[in-house]
Amino acid sequence: MAHTVAASAEHTIDAPSDEVYRYLADMHLHARFLPAPFYDCQVVQGGVGTGSVIQVKIDFAGGAKVIRMKVTEPTPGRTLVLTDTNGSGLVTTYTLAPQGGQTLVKVAASFDGESGVAGFVERIAAPRRLHSIYTKELGAFDAHAREQRAR
């Protein structure tokens, strides 16, 4: 029986929410901050916000997979969603909450998990690994924001 695997992370970024949202919605910039196991990220369509499509490889659970993420903005300036169109069920949602001159960013992801023994292992390992990956990604965005503000 298949199941849904979910993970999340959050980080306060030292920049106003409109600035942080611009960084997240710019897929050319966003691609630079995707940590391993993501690699070979390419903007296939658009590049900023709704309608953009990126293709990225992920080395996860013993093999490389290609995911093709379509970008939507259910709440422009506050919520950015990347949805895999290659059938993995992966949906990654970035939600921003202004906090004065800073922004709390939460990233939440879920995907269709494997069944059987592989699924059992995945349910245990994947959420922790994804939390670590997204924590690194948000840390990289924070470092970028701080660098931009120092200029």
# chains A, B, ... in the order shown; residues from 1 in each chain; ligands from 1
$ residues_around --residues "A:Ser132" --least-positions-apart "2" --cutoff "12 Å" --atoms "only C-alpha atoms" --output "ChimeraX atom specification"
/A:7-11,34-37,107,125-130,134-139
$ write_last_selection --atoms "N, CA and C atoms" --output "mmCIF file, in the first residue's frame"
data_model
loop_
_atom_site.group_PDB
_atom_site.id
_atom_site.type_symbol
_atom_site.label_atom_id
_atom_site.label_comp_id
_atom_site.auth_asym_id
_atom_site.auth_seq_id
_atom_site.Cartn_x
_atom_site.Cartn_y
_atom_site.Cartn_z
ATOM 1 N N ALA A 7 7.604 16.222 4.836
ATOM 2 C CA ALA A 7 8.672 16.819 5.634
ATOM 3 C C ALA A 7 8.554 18.326 5.550
ATOM 4 N N SER A 8 9.131 18.993 6.537
ATOM 5 C CA SER A 8 9.111 20.449 6.506
ATOM 6 C C SER A 8 10.314 21.008 7.243
ATOM 7 N N ALA A 9 10.557 22.278 7.003
ATOM 8 C CA ALA A 9 11.606 23.021 7.698
ATOM 9 C C ALA A 9 11.210 24.483 7.666
ATOM 10 N N GLU A 10 11.747 25.248 8.589
ATOM 11 C CA GLU A 10 11.499 26.681 8.561
ATOM 12 C C GLU A 10 12.746 27.411 9.023
ATOM 13 N N HIS A 11 12.834 28.665 8.574
ATOM 14 C CA HIS A 11 14.026 29.470 8.875
ATOM 15 C C HIS A 11 13.632 30.936 8.761
ATOM 16 N N LEU A 34 19.719 25.055 -4.400
ATOM 17 C CA LEU A 34 19.260 23.691 -4.123
ATOM 18 C C LEU A 34 20.456 22.842 -3.710
ATOM 19 N N PRO A 35 20.440 22.301 -2.495
ATOM 20 C CA PRO A 35 21.568 21.485 -2.038
ATOM 21 C C PRO A 35 21.465 20.054 -2.555
ATOM 22 N N ALA A 36 22.551 19.316 -2.420
ATOM 23 C CA ALA A 36 22.517 17.885 -2.718
ATOM 24 C C ALA A 36 21.425 17.277 -1.845
ATOM 25 N N PRO A 37 20.691 16.377 -2.370
ATOM 26 C CA PRO A 37 20.883 15.518 -3.529
ATOM 27 C C PRO A 37 20.317 16.078 -4.830
ATOM 28 N N VAL A 107 9.048 25.700 4.449
ATOM 29 C CA VAL A 107 8.957 24.862 3.264
ATOM 30 C C VAL A 107 8.380 23.516 3.712
ATOM 31 N N ALA A 125 13.275 7.326 7.119
ATOM 32 C CA ALA A 125 14.456 8.101 6.736
ATOM 33 C C ALA A 125 14.161 9.386 5.959
ATOM 34 N N ALA A 126 13.215 9.346 5.053
ATOM 35 C CA ALA A 126 12.995 10.480 4.146
ATOM 36 C C ALA A 126 12.620 11.781 4.858
ATOM 37 N N PRO A 127 11.709 11.775 5.826
ATOM 38 C CA PRO A 127 11.365 13.058 6.455
ATOM 39 C C PRO A 127 12.572 13.742 7.114
ATOM 40 N N ARG A 128 13.415 12.979 7.788
ATOM 41 C CA ARG A 128 14.601 13.576 8.416
ATOM 42 C C ARG A 128 15.573 14.104 7.379
ATOM 43 N N ARG A 129 15.770 13.325 6.327
ATOM 44 C CA ARG A 129 16.712 13.759 5.281
ATOM 45 C C ARG A 129 16.184 15.005 4.569
ATOM 46 N N LEU A 130 14.913 15.010 4.243
ATOM 47 C CA LEU A 130 14.333 16.176 3.578
ATOM 48 C C LEU A 130 14.369 17.412 4.477
ATOM 49 N N TYR A 134 16.089 20.853 3.216
ATOM 50 C CA TYR A 134 15.385 22.127 3.152
ATOM 51 C C TYR A 134 15.961 23.141 4.141
ATOM 52 N N THR A 135 16.475 22.678 5.273
ATOM 53 C CA THR A 135 17.140 23.581 6.218
ATOM 54 C C THR A 135 18.370 24.199 5.562
ATOM 55 N N LYS A 136 19.138 23.387 4.838
ATOM 56 C CA LYS A 136 20.314 23.902 4.117
ATOM 57 C C LYS A 136 19.905 24.897 3.038
ATOM 58 N N GLU A 137 18.855 24.576 2.304
ATOM 59 C CA GLU A 137 18.392 25.465 1.242
ATOM 60 C C GLU A 137 17.978 26.825 1.810
ATOM 61 N N LEU A 138 17.203 26.816 2.876
ATOM 62 C CA LEU A 138 16.763 28.077 3.470
ATOM 63 C C LEU A 138 17.934 28.850 4.068
ATOM 64 N N GLY A 139 18.906 28.135 4.615
ATOM 65 C CA GLY A 139 20.115 28.788 5.109
ATOM 66 C C GLY A 139 20.878 29.474 3.987
#
$ residues_around --residues "A:Arg68" --least-positions-apart "3" --cutoff "12 Å" --atoms "only C-alpha atoms" --output "list in words"
Asp40, Cys41, Gln42, Val43, Val44, Gln45, Ser52, Val53, Ile54, Gln55, Val56, Lys57, Ile58, Lys65, Val71, Leu82, Thr83, Asp84, Thr85, Asn86, Gly87, Ser88, Gly89, Leu90 and Val91 of chain A
$ select_by_dssp --residues "chain A" --states "strand (DSSP E or B)" --output "ChimeraX atom specification"
/A:4-13,26,38-45,48,53-60,63-75,79-84,91-99,102-112
$ closest_residue --among "A:Ser17, A:Thr4, A:Thr72, A:Thr50" --to "A:Pro98" --atoms "only C-alpha atoms"
A:Ser17
$ select_by_dssp --residues "chain A" --states "helix (DSSP H, G or I)" --output "JSON, numbers by chain"
{"A": [17, 18, 19, 20, 21, 22, 23, 24, 25, 27, 28, 29, 30, 31, 32, 116, 117, 118, 119, 120, 121, 122, 123, 124, 125, 126, 127, 128, 129, 130, 131, 132, 133, 134, 135, 136, 137, 138, 139, 140, 141, 142, 143, 144, 145, 146, 147, 148, 149, 150]}
$ residues_around --residues "A:Ala145" --least-positions-apart "2" --cutoff "12 Å" --atoms "only C-alpha atoms" --output "JSON, numbers by chain"
{"A": [12, 13, 14, 15, 16, 17, 18, 19, 20, 21, 22, 23, 24, 29, 33, 101, 102, 103, 138, 139, 140, 141, 142, 143, 147, 148, 149, 150, 151]}
$ write_last_selection --atoms "N, CA and C atoms" --output "CSV table (one decimal), in the first residue's frame"
chain,number,residue,atom,x,y,z
A,12,THR,N,14.1,31.7,9.7
A,12,THR,CA,13.9,33.2,9.6
A,12,THR,C,15.0,33.8,8.7
A,13,ILE,N,14.6,34.4,7.7
A,13,ILE,CA,15.6,35.0,6.7
A,13,ILE,C,15.7,36.5,7.0
A,14,ASP,N,16.9,37.0,7.0
A,14,ASP,CA,17.1,38.4,7.4
A,14,ASP,C,16.9,39.4,6.2
A,15,ALA,N,15.6,39.4,5.8
A,15,ALA,CA,15.3,40.3,4.7
A,15,ALA,C,13.7,40.5,4.7
A,16,PRO,N,13.2,41.6,4.2
A,16,PRO,CA,11.8,41.7,4.1
A,16,PRO,C,11.1,40.7,3.2
A,17,SER,N,9.9,40.4,3.5
A,17,SER,CA,9.2,39.3,2.7
A,17,SER,C,9.1,39.5,1.2
A,18,ASP,N,9.0,40.8,0.8
A,18,ASP,CA,8.9,41.0,-0.7
A,18,ASP,C,10.2,40.6,-1.4
A,19,GLU,N,11.3,40.9,-0.7
A,19,GLU,CA,12.6,40.6,-1.2
A,19,GLU,C,12.9,39.1,-1.2
A,20,VAL,N,12.5,38.4,-0.1
A,20,VAL,CA,12.7,37.0,0.0
A,20,VAL,C,11.8,36.3,-1.1
A,21,TYR,N,10.6,36.7,-1.3
A,21,TYR,CA,9.7,36.1,-2.2
A,21,TYR,C,10.3,36.2,-3.6
A,22,ARG,N,10.9,37.4,-4.0
A,22,ARG,CA,11.5,37.6,-5.3
A,22,ARG,C,12.6,36.5,-5.5
A,23,TYR,N,13.4,36.3,-4.4
A,23,TYR,CA,14.5,35.3,-4.5
A,23,TYR,C,13.9,33.9,-4.8
A,24,LEU,N,12.9,33.5,-4.0
A,24,LEU,CA,12.3,32.2,-4.1
A,24,LEU,C,11.6,32.0,-5.5
A,29,LEU,N,17.8,31.9,-9.9
A,29,LEU,CA,18.4,32.0,-8.6
A,29,LEU,C,18.1,30.9,-7.7
A,33,PHE,N,20.6,27.5,-5.2
A,33,PHE,CA,20.6,27.2,-3.8
A,33,PHE,C,20.0,25.9,-3.4
A,101,GLY,N,11.4,43.4,9.7
A,101,GLY,CA,12.3,43.4,8.6
A,101,GLY,C,12.8,42.1,8.2
A,102,GLN,N,12.3,41.0,8.8
A,102,GLN,CA,12.7,39.6,8.5
A,102,GLN,C,11.5,38.9,8.0
A,103,THR,N,11.8,37.6,7.6
A,103,THR,CA,10.7,36.8,7.0
A,103,THR,C,10.9,35.4,7.5
A,138,LEU,N,17.2,26.8,2.9
A,138,LEU,CA,16.8,28.1,3.5
A,138,LEU,C,17.9,28.9,4.1
A,139,GLY,N,18.9,28.1,4.6
A,139,GLY,CA,20.1,28.8,5.1
A,139,GLY,C,20.9,29.5,4.0
A,140,ALA,N,20.9,28.9,2.8
A,140,ALA,CA,21.6,29.5,1.7
A,140,ALA,C,20.9,30.7,1.2
A,141,PHE,N,19.5,30.7,1.2
A,141,PHE,CA,18.7,31.9,0.9
A,141,PHE,C,19.0,33.0,1.9
A,142,ASP,N,19.1,32.6,3.2
A,142,ASP,CA,19.4,33.6,4.2
A,142,ASP,C,20.8,34.3,4.0
A,143,ALA,N,21.8,33.4,3.7
A,143,ALA,CA,23.1,33.9,3.4
A,143,ALA,C,23.1,34.9,2.2
A,147,GLU,N,24.0,38.9,2.2
A,147,GLU,CA,25.0,39.4,1.3
A,147,GLU,C,24.5,40.5,0.5
A,148,GLN,N,23.3,40.4,0.0
A,148,GLN,CA,22.7,41.5,-0.8
A,148,GLN,C,22.5,42.7,0.0
A,149,ARG,N,22.1,42.6,1.3
A,149,ARG,CA,21.9,43.7,2.1
A,149,ARG,C,23.2,44.4,2.5
A,150,ALA,N,24.3,43.7,2.5
A,150,ALA,CA,25.6,44.2,2.9
A,150,ALA,C,26.2,45.1,1.8
A,151,ARG,N,25.6,44.9,0.6
A,151,ARG,CA,26.1,45.7,-0.6
A,151,ARG,C,25.7,47.1,-0.5
$ atom_distance --atom1 "atom CA of A:Gly63" --atom2 "atom CA of A:Tyr94"
26.0 Å
